[in-house]
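Before any comments, here is the structure.
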Amino acid sequence: MNPNETPKVKFYSGHDVPIELHKVRIVQKLHLVPIERRLQALEEGGYNTFQLNTLDVFLDMLTDSGTNAMSDNQVSAMLRADDAYAGSQSFMRLQKAIEDVLGQKFLLPVHQGRAAENILGKAYVRKGSLVPMNYHFTTALAHITEYGGSIAELLYDEAYVIDSVHPFKGNMNIEKLEEVINLHGIENIPYIRMEASTNLIGGQPFSIQNLRDVRAIANKYGIRLVLDASLLGENAYLVKQREEEFKNSSMAEIIKVMTGLSDIVYFSARKLSSSRGGGICTNNEKVYRELEPLVPLFEGFLTYGGISVREVEAMAVGLYETLDETMICQSPEFIKYLVYEAKKYGIPMITPPGVLGAHVDAMKFCAHLPQTQYPAGALAAAFFLISGVRGMERGSVSNQRDEYGNETYADMELLRLAVPRRVFTLSQITYVIDRLHWLYENRELIGGLKFVYEPPVLRFFMGKLAPTSDWPQKLMAKFREDFGDSL
Ligand code: F0G
């Protein structure tokens with residue numbers, strides 16, 4: 001067996017345990033502060049988990065972005081960084097990694113994923129443009145609307161079914177894609193965007209067959225296909241697990257098939273390669289030349305693009321490590337464990353388990369709260385209060401208002417509990433499940449939230465909210481009643 005393949009370690013007990021295939025060599029102390037302090041921290045942070053200070057956070061499950069554990073090889077590569085404004089050897093190594101792993105000849109480095117979205121928007125999106133996509137990501141949508149465009153989300157209906165067995169909920173609806181192209185006109189469609197492991201519907205992958213079908217439509221109408229590859233490794237891992245044709249393929253082969261079907265591949269390296277930075281790559285020289293002038297304008301010179309060269313080195317090594325199934329399987333396997341254990345207590349979770357994190361269905365968890373009171377935001381705040389675990393609201397607070405300033409309610413109200421790669425231990429995951437269980441039994445105590453400060457763009461980052469009643473105090477009192485003086 002290839003040493004980089006997903007291990008199938010069977011336990012004598014019959015338990016399905018996602019065993020860690022790494023050891024911990026550098027550690028960081030965590031802070032589990034008392035619930036009284038956590039309530040104060042929530043009040044100071046406007047009931048928005050983005051506004052918390054990590055000194056008050058026990059398990060930081062806000063995101064995997066820039067928080068995946070780096071490997072020893074990544075950290076050691078950072079020391080050999082070639083600090084040069086132009087022509088750095090570190091960049092040459094990154095270029096080689098992009099060619100070897102993603103099969104792309106041209107690379108434009110950018111400081112993170114949304115910078116790539118800005119450049120694509122600036123180059124291709126105009127007033128009246130429409131970008132069809134499987135589903136939006138917050139920053140992708142914000143940049144398209146910033147340049148006057150709009151989007152069409154084209155998932156199949158099954159993508160919105162929370163508890164499902166469909167293996168590829170991130171698939172694009174091919175019939176609808178063709179309809180949208182005919183309705184809006186090829187000239188108004190600058191590109192089609194496919195997002196690997198569709199983030200906002202619970203980290204759900206698309207199949208390669210679906211990507212091939214999208215490619216065929218793109219060819220038929222002569223429209224570019226742009227792949228958001230931020231979560232490409234995990235999508236490839238799930239293709240291997242779930243798509244018959246690829247069950248014996250290597251990660252390297254699967255990744256190259258996906259990138260080979262795309263005209264432009266962009267990514268957040270904060271996710272893809274467990275580093276910082278981002279990139280736009282292509283094999284099309286014309287596309288490269290169109291985008292090239294925008295990098296020195298917005299990012300930095302073409303051989304660093306706003307990324308520290310140390311991170312450029314870590315990115316190159318991280319890209320190669322994406323091909324190692326024993327690394328890439330860790331987060332999805334922990335998520336699967338968390339999801340199925342939580343479901344044993346009846347907690348409504350998105351299934352099949354996706355990538356990036358476990359997703360709790362707040363609409364069902366807080367069925368007594370209307371969407372106008374932001375159930376996912378309320379659940380994120382309540383869960384932090386009773387556990388010190390910081391998740392992220394992925395619901396209506398994360399949505400943006402429409403062009404007339406009206407509130408738009410999200411298709412799903414989710415609490416995302418991110419499981420960054422190789423960061424948490426199984427006993428910490430067990431704690432998360434335990435506290436989720438308790439909160440589910442006491443869910444009637446969770447009340448709503450309202451905005452008290454609402455920024456005009458990406459409001460979920462800096463917005464401040466307040467509870468609609470004294471429900472946080474009541475929830476805290478119940479916690480003390482049940483847990484005594486436990487942290
Ligand atoms: N595309 C996807 C699919 C993402 O998940 C992200 C970031 C971006 C683009 C933007 O990249 O943050 O480097 O600018 N997702 C993070 C998250 C923020 O928490 O899910 P960025």
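In the structure tokens, each chain is lettered A, B, ... as it comes, each chain's residues begin at 1, and ligands are numbered from 1 in order of appearance.
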
| said: Please identify the strand (DSSP E) residues within region 220-448 of chain A (assignment by DSSP from backbone atoms) and present them as JSON, numbers by chain. | reply: {"A": [224, 225, 226, 227, 228, 264, 265, 266, 267, 268, 278, 279, 280, 281, 282, 357, 358, 359, 360, 361, 392, 393, 394, 414, 415, 416, 417, 418]}

Using only C-alpha atoms and all ligand atoms, find each protein or nucleic acid residue lying at most 7 Å from ligand 1; present the set as a ChimeraX atom specification.
/A:62-65,112-115,137,139-140,195-196,198-199,228,230-231,267-270,277-278

Of A:Val312, A:Glu413, A:Asp83, A:Asn406, the one sitting nearest Pro456 (chain A) when using only C-alpha atoms is A:Asn406

Would you tabulate, counting only C-alpha atoms, all residues of region 40-106 of chain A that have an atom at most 8 Å from an atom of region 235-258 of chain A, showing the closest pair of atoms and their distance in Å to one decimal, sorted by chain then ascending number, as a tab-separated table?
residue	atom	partner	partner_atom	distance
A:Val101	CA	A:Ala252	CA	6.7
A:Leu102	CA	A:Lys256	CA	5.7
A:Gly103	CA	A:Lys256	CA	6.1

May I have the residues from that selection written out with C-alpha atoms, as a JSON list (two decimals), in the first residue's frame?
[["chain", "number", "residue", "atom", "x", "y", "z"],
["A", 101, "VAL", "CA", 0.60, 19.88, -8.25],
["A", 102, "LEU", "CA", -1.96, 21.96, -10.12],
["A", 103, "GLY", "CA", -0.55, 21.44, -13.62]]

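For the choices A:Ser274, A:Thr351, A:Thr326, A:Gln104, the atom-to-atom distance to Ala159 (chain A) is smallest for A:Thr351 when using only C-alpha atoms.
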
List the neighbours of Ser398 (chain A) out to 10 Å using only C-alpha atoms; skip same-chain residues closer than 6 positions along the sequence, and give me the result as a ChimeraX atom specification. /A:137-138,200,374,376-377,392,408-410,413,458-461

**Item:** Neighbour list for Val287 (chain A) as a list in words, cut-off 10 Å, only C-alpha atoms, skip fewer than 5 positions in-chain
**Value:**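 Contacts, in chain order: Phe106, Ala123, Arg224, Asp263, Ile264, Cys281, Thr282 and Glu292 of chain A.
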